[in-house]
Amino acid sequence: MKTLLVAEFREGKLRAEYTQLLAFARESQAEAAMFLVGSAADLPKFDGTLYLAEAVKHGEYSPAVHKQLLLDVIAREKPEQVVFLHSSYGWDLAPRVAVALKAAQVSEVIGVDGGLPVVPVCNAKLRRTIKAATATTVLTLQAGAFGLDDEPAGTPTVITVDTDAAGKVRCTGYEAAKIEGVDLTKANIIVSAGRGVGKPENVAMVQALAKALGGEYGASRPVVDAGWVEHSRQVGTTGSTVTPKLYVACGISGAIQHLAGMKKADFIVAINTDRDAPIGEVANVLVVADLKQFLPILTEKLQNR
């Protein structure tokens, strides 16, 4: 399957997430080329064709200009899939390209099944494999869903692309999200509550364990959505991406959105009644237990040490 991967360039640098695009192509066994509006001084590492437009001229993002550049490359490559990251760049540009191509768009892809994209449904409890009815499909990849087991390598064959297209909208800069409350990205130890805590009163057990360990407490999205914990403590793609030395997941099944936000922790302990929960795939230690029984005992032991 011929695939065009769309890499991103932000604040003068190639975004390292391009490796997720390469991982998707590898898993799909696709023949891949790449598109980038960036700089010849900072190129992705891979063996393949790279269509490069200079960001100095075309801007790090300009919807109409980047769309035209990409459409010109698509006309040349004729890919069956055009693949973006599920980022602010992908959110905005992917549907523009899909409409221009009259192509199907599939968002937040988390896997591949028989060469077809897989997406989460029913609040990520189920997965669905999608076959588009159009010749070309535009995809966006859920953050963290795909990753290389090895370091990327190779030198691309660069083909310079250009356009005289102009647009009324242009990127003038970036504004960091305002952090309200605790900043979990700076915590060395995080203990997080998932849906498995059962009820809001039980979040106190997670808080107590976090305090005994000298860390902060966090939560998965369902717990935050339920109003049990404030949003500043949410871990995952719609919350904070954290890299603590120790991450303790309490009653968290391991939806891809949550895993993407914490799987780079140095050491992960998961406490869950389900020994087959997806969180076990990234955990260094999986404790199969009822957290309502296990957490108070563990907390008491830590307090009395």
# chains A, B, ... in the order shown; residues from 1 in each chain; ligands from 1
>>> residues_around(residues="range 142-155 of chain A", least_positions_apart="3", cutoff="12 Å", atoms="only C-alpha atoms", output="PyMOL selection string")
chain A and resi 16-28+40+42-50+83-88+90-91+106-112+117-120+124+139+158+236-238+241+254-264
>>> select_by_dssp(residues="range 121-305 of chain A", states="alpha helix (DSSP H)", output="PyMOL selection string")
chain A and resi 203-213+221-225+256-262+291-303
>>> closest_residue(among="A:Leu246, A:Leu209, A:Val97, A:Leu291", to="Gly194 in chain A", atoms="only C-alpha atoms")
A:Leu291
>>> select_by_dssp(residues="range 95-165 of chain A", states="strand (DSSP E or B)", output="CSV table (one decimal) with C-alpha atoms, in the first residue's frame")
chain,number,residue,atom,x,y,z
A,104,ALA,CA,-12.7,9.5,3.5
A,105,GLN,CA,-11.1,10.6,6.7
A,106,VAL,CA,-10.5,8.4,9.7
A,107,SER,CA,-9.4,10.1,12.9
A,108,GLU,CA,-7.5,8.8,16.0
A,109,VAL,CA,-6.2,5.6,14.5
A,111,GLY,CA,-3.9,0.2,15.3
A,112,VAL,CA,-3.8,-1.7,12.0
A,113,ASP,CA,-5.7,-4.9,11.2
A,116,LEU,CA,-7.0,-1.4,7.6
A,117,PRO,CA,-7.1,1.3,10.3
A,118,VAL,CA,-8.4,0.5,13.7
A,119,VAL,CA,-10.1,3.2,15.9
A,120,PRO,CA,-11.5,3.2,19.5
A,121,VAL,CA,-15.3,3.3,20.1
A,126,LEU,CA,-14.2,-1.4,22.0
A,127,ARG,CA,-12.2,-1.2,18.7
A,128,ARG,CA,-13.5,-1.0,15.2
A,129,THR,CA,-11.7,-1.8,11.9
A,137,THR,CA,-8.1,7.6,2.8
A,138,VAL,CA,-6.9,10.5,5.0
A,139,LEU,CA,-5.8,9.3,8.5
A,140,THR,CA,-4.8,10.9,11.8
A,141,LEU,CA,-2.9,8.8,14.3
A,157,THR,CA,16.1,11.4,-0.9
A,158,VAL,CA,15.0,15.0,-0.8
A,159,ILE,CA,12.7,16.4,-3.5
A,160,THR,CA,12.1,20.2,-3.1
>>> closest_residue(among="A:Thr136, A:Glu300, A:Gln29, A:Asp164", to="Ala53 in chain A", atoms="only C-alpha atoms")
A:Asp164
>>> residues_around(residues="Lys178 in chain A", least_positions_apart="4", cutoff="12 Å", atoms="only C-alpha atoms", output="JSON, numbers by chain")
{"A": [182, 183, 232, 240]}
>>> atom_distance(atom1="CA of Gly181 in chain A", atom2="CA of Gly251 in chain A")
23.5 Å
>>> residues_around(residues="Glu216 in chain A", least_positions_apart="5", cutoff="7 Å", atoms="only C-alpha atoms", output="mmCIF file with all heavy atoms, in the first residue's frame")
data_model
loop_
_atom_site.group_PDB
_atom_site.id
_atom_site.type_symbol
_atom_site.label_atom_id
_atom_site.label_comp_id
_atom_site.auth_asym_id
_atom_site.auth_seq_id
_atom_site.Cartn_x
_atom_site.Cartn_y
_atom_site.Cartn_z
ATOM 1 N N ALA A 187 6.528 16.136 38.501
ATOM 2 C CA ALA A 187 6.501 15.191 39.628
ATOM 3 C C ALA A 187 7.359 13.969 39.335
ATOM 4 O O ALA A 187 7.306 13.410 38.233
ATOM 5 C CB ALA A 187 5.067 14.767 39.919
ATOM 6 N N ILE A 189 7.131 11.196 41.286
ATOM 7 C CA ILE A 189 6.292 10.057 41.658
ATOM 8 C C ILE A 189 4.830 10.456 41.478
ATOM 9 O O ILE A 189 4.406 11.511 41.970
ATOM 10 C CB ILE A 189 6.533 9.623 43.115
ATOM 11 C CG1 ILE A 189 7.978 9.167 43.317
ATOM 12 C CG2 ILE A 189 5.563 8.506 43.520
ATOM 13 C CD1 ILE A 189 8.337 8.878 44.760
ATOM 14 N N ILE A 190 4.079 9.639 40.754
ATOM 15 C CA ILE A 190 2.655 9.918 40.528
ATOM 16 C C ILE A 190 1.856 8.649 40.791
ATOM 17 O O ILE A 190 2.212 7.568 40.298
ATOM 18 C CB ILE A 190 2.383 10.399 39.090
ATOM 19 C CG1 ILE A 190 3.150 11.689 38.801
ATOM 20 C CG2 ILE A 190 0.885 10.610 38.866
ATOM 21 C CD1 ILE A 190 3.053 12.148 37.354
ATOM 22 N N VAL A 191 0.806 8.776 41.571
ATOM 23 C CA VAL A 191 -0.139 7.682 41.810
ATOM 24 C C VAL A 191 -1.473 8.123 41.222
ATOM 25 O O VAL A 191 -2.023 9.146 41.635
ATOM 26 C CB VAL A 191 -0.294 7.384 43.315
ATOM 27 C CG1 VAL A 191 -1.223 6.186 43.517
ATOM 28 C CG2 VAL A 191 1.067 7.110 43.953
ATOM 29 N N ALA A 210 -0.102 8.347 47.477
ATOM 30 C CA ALA A 210 0.780 9.333 46.864
ATOM 31 C C ALA A 210 1.542 10.109 47.940
ATOM 32 O O ALA A 210 2.754 10.344 47.815
ATOM 33 C CB ALA A 210 -0.021 10.290 45.983
ATOM 34 N N LYS A 211 0.849 10.484 49.014
ATOM 35 C CA LYS A 211 1.486 11.224 50.099
ATOM 36 C C LYS A 211 2.532 10.363 50.803
ATOM 37 O O LYS A 211 3.625 10.845 51.130
ATOM 38 C CB LYS A 211 0.422 11.694 51.097
ATOM 39 C CG LYS A 211 0.978 12.546 52.225
ATOM 40 C CD LYS A 211 -0.134 13.051 53.144
ATOM 41 C CE LYS A 211 0.420 13.917 54.263
ATOM 42 N NZ LYS A 211 -0.652 14.406 55.168
#
>>> residues_around(residues="Ala289 in chain A", least_positions_apart="6", cutoff="10 Å", atoms="only C-alpha atoms", output="list of chain:residue names")
A:Gly251, A:Ala270, A:Ile271, A:Asn272, A:Thr273, A:Asp274, A:Arg275, A:Leu295
>>> residues_around(residues="range 4-6 of chain A", least_positions_apart="2", cutoff="6 Å", atoms="only C-alpha atoms", output="list in words")
Ala32, Ala33, Met34, Phe35, Val82, Val83 and Phe84 of chain A
>>> atom_distance(atom1="CA of Arg221 in chain A", atom2="CA of Gln303 in chain A")
28.9 Å
>>> closest_residue(among="A:Leu52, A:Gln81, A:Val73, A:Tyr89", to="Met1 in chain A", atoms="only C-alpha atoms")
A:Gln81
>>> decode(residues="range 135-147 of chain A", atoms="N, CA and C atoms", output="PDB file, in the first residue's frame")
ATOM      1  N   ALA A 135     -11.008   5.760  -2.907  1.00  0.00           N
ATOM      2  CA  ALA A 135      -9.709   5.237  -3.343  1.00  0.00           C
ATOM      3  C   ALA A 135      -8.579   5.705  -2.429  1.00  0.00           C
ATOM      4  N   THR A 136      -8.715   6.914  -1.906  1.00  0.00           N
ATOM      5  CA  THR A 136      -7.714   7.482  -1.000  1.00  0.00           C
ATOM      6  C   THR A 136      -8.350   7.698   0.365  1.00  0.00           C
ATOM      7  N   THR A 137      -7.589   7.420   1.412  1.00  0.00           N
ATOM      8  CA  THR A 137      -8.067   7.630   2.776  1.00  0.00           C
ATOM      9  C   THR A 137      -7.114   8.562   3.501  1.00  0.00           C
ATOM     10  N   VAL A 138      -7.663   9.545   4.198  1.00  0.00           N
ATOM     11  CA  VAL A 138      -6.865  10.464   5.016  1.00  0.00           C
ATOM     12  C   VAL A 138      -6.994  10.018   6.470  1.00  0.00           C
ATOM     13  N   LEU A 139      -5.857   9.814   7.129  1.00  0.00           N
ATOM     14  CA  LEU A 139      -5.846   9.294   8.499  1.00  0.00           C
ATOM     15  C   LEU A 139      -5.146  10.261   9.442  1.00  0.00           C
ATOM     16  N   THR A 140      -5.561  10.237  10.706  1.00  0.00           N
ATOM     17  CA  THR A 140      -4.770  10.863  11.770  1.00  0.00           C
ATOM     18  C   THR A 140      -4.495   9.792  12.818  1.00  0.00           C
ATOM     19  N   LEU A 141      -3.284   9.793  13.367  1.00  0.00           N
ATOM     20  CA  LEU A 141      -2.861   8.773  14.317  1.00  0.00           C
ATOM     21  C   LEU A 141      -2.942   9.287  15.746  1.00  0.00           C
ATOM     22  N   GLN A 142      -3.591   8.506  16.601  1.00  0.00           N
ATOM     23  CA  GLN A 142      -3.665   8.854  18.015  1.00  0.00           C
ATOM     24  C   GLN A 142      -2.252   8.945  18.585  1.00  0.00           C
ATOM     25  N   ALA A 143      -1.990   9.994  19.363  1.00  0.00           N
ATOM     26  CA  ALA A 143      -0.666  10.197  19.953  1.00  0.00           C
ATOM     27  C   ALA A 143      -0.252   8.996  20.789  1.00  0.00           C
ATOM     28  N   GLY A 144       0.940   8.489  20.535  1.00  0.00           N
ATOM     29  CA  GLY A 144       1.480   7.384  21.316  1.00  0.00           C
ATOM     30  C   GLY A 144       0.999   6.011  20.924  1.00  0.00           C
ATOM     31  N   ALA A 145       0.102   5.914  19.942  1.00  0.00           N
ATOM     32  CA  ALA A 145      -0.438   4.611  19.565  1.00  0.00           C
ATOM     33  C   ALA A 145       0.574   3.767  18.809  1.00  0.00           C
ATOM     34  N   PHE A 146       1.503   4.425  18.117  1.00  0.00           N
ATOM     35  CA  PHE A 146       2.512   3.713  17.339  1.00  0.00           C
ATOM     36  C   PHE A 146       3.894   4.190  17.770  1.00  0.00           C
ATOM     37  N   GLY A 147       4.819   3.262  17.888  1.00  0.00           N
ATOM     38  CA  GLY A 147       6.173   3.634  18.285  1.00  0.00           C
ATOM     39  C   GLY A 147       7.189   2.645  17.751  1.00  0.00           C
TER      40      GLY A 147
END
